[in-house]
Amino acid sequence: MINIYIYTHKPFKPPFRASNEFKILTDDKSVKSDMKVLYEQDFNDNLMNLSKFYGEGSGIYCLYKSDNLPEYIGFCHYSRYFDFKIDEIKLLLSENEILVHKPVRLLRNNRGFYGMCHNIDDYNVIGDIINEFYHEYYESFCKFNKNSMIYPCNMFIMKREDFIEYGRFVFGVLSKFCETKGFYSDKDVKTYIINNKKKYIKYFSPNNKVEYQQRLGGFLLERLSNVFYMKHFKSITGIPVRVVKQ
């Protein structure tokens, strides 16, 4: 069984007919669809108090905490979709370990690009956490830093057992990051960014806005996802993505 979850924070119109494979993942009760899967923000931890910090990561976390996962888990966004037909999915998955957003080539290496767009201090903290608590991933983290290619947007389709290990790694790292920074709510994150504007606010849009930088957990997750792909899979298959304006 394959479920591809479409994460949204607002009502939108899916660009295709409802099917058994696609599910809309949201905590917005105003979203109306037969494909909707509401998630409750109650996991007895602080992560769901940081929904702005995590961005689409809060939806991925909901799936990670689920007790009823399908054989394959996919994740995309209300405005970005993998560009294939439904009947092609099984063939693609039979020939590939994981499907992700097609790679993007950056003008700088991954570490340099993050520092250009966000606060590099946060990136360094993530590296320290990986080195200390998830050392088996540290070599892949270092290789990723030097690379100028990234699989963006936290979009993927992978097997259930791979997804569980993925969640253990990325949310384990980000949870320790929040403990280190003293982030227990989105208000904490916003206050911290305002107090450190010189490090966070850039001269270009949208990176010059506090509200945008407040999603730093999602930006870090994007890099952690790539580190996981590099460490966990022998091959990574990037496929085209269709962008739909909403």
# chains A, B, ... in the order shown; residues from 1 in each chain; ligands from 1

call {"tool": "residues_around", "arguments": {"residues": "A:Ile86", "least_positions_apart": "3", "cutoff": "10 Å", "atoms": "only C-alpha atoms", "output": "PyMOL selection string"}}
result
chain A and resi 19-22+83+89-90

call {"tool": "select_by_dssp", "arguments": {"residues": "chain A", "states": "alpha helix (DSSP H)", "output": "PyMOL selection string"}}
result
chain A and resi 51-54+57-64+89-95+110-117+120-133+138-146+160-181+186-195+197-200+210-213+216-232

call {"tool": "closest_atom_pairs", "arguments": {"of": "stretch 159-215 of chain A", "to": "stretch 134-155 of chain A", "cutoff": "10 Å", "atoms": "only C-alpha atoms", "output": "CSV"}}
result
residue,atom,partner,partner_atom,distance
A:Phe169,CA,A:Tyr134,CA,7.6
A:Gly172,CA,A:Tyr134,CA,8.9
A:Val173,CA,A:Tyr134,CA,8.0

call {"tool": "write_last_selection", "arguments": {"atoms": "C-alpha atoms", "output": "mmCIF file, in the first residue's frame"}}
result
data_model
loop_
_atom_site.group_PDB
_atom_site.id
_atom_site.type_symbol
_atom_site.label_atom_id
_atom_site.label_comp_id
_atom_site.auth_asym_id
_atom_site.auth_seq_id
_atom_site.Cartn_x
_atom_site.Cartn_y
_atom_site.Cartn_z
ATOM 1 C CA PHE A 169 17.323 10.713 13.086
ATOM 2 C CA GLY A 172 16.070 13.383 17.309
ATOM 3 C CA VAL A 173 18.564 15.975 16.061
#

call {"tool": "residues_around", "arguments": {"residues": "A:Lys234", "least_positions_apart": "5", "cutoff": "10 Å", "atoms": "only C-alpha atoms", "output": "list in words"}}
result
Asn96, Glu97, Ile98 and Tyr229 of chain A

call {"tool": "residues_around", "arguments": {"residues": "stretch 199-212 of chain A", "least_positions_apart": "5", "cutoff": "12 Å", "atoms": "only C-alpha atoms", "output": "NGL selection string"}}
result
:A and (52-55 or 114-122 or 186-187 or 189-194 or 217-219)
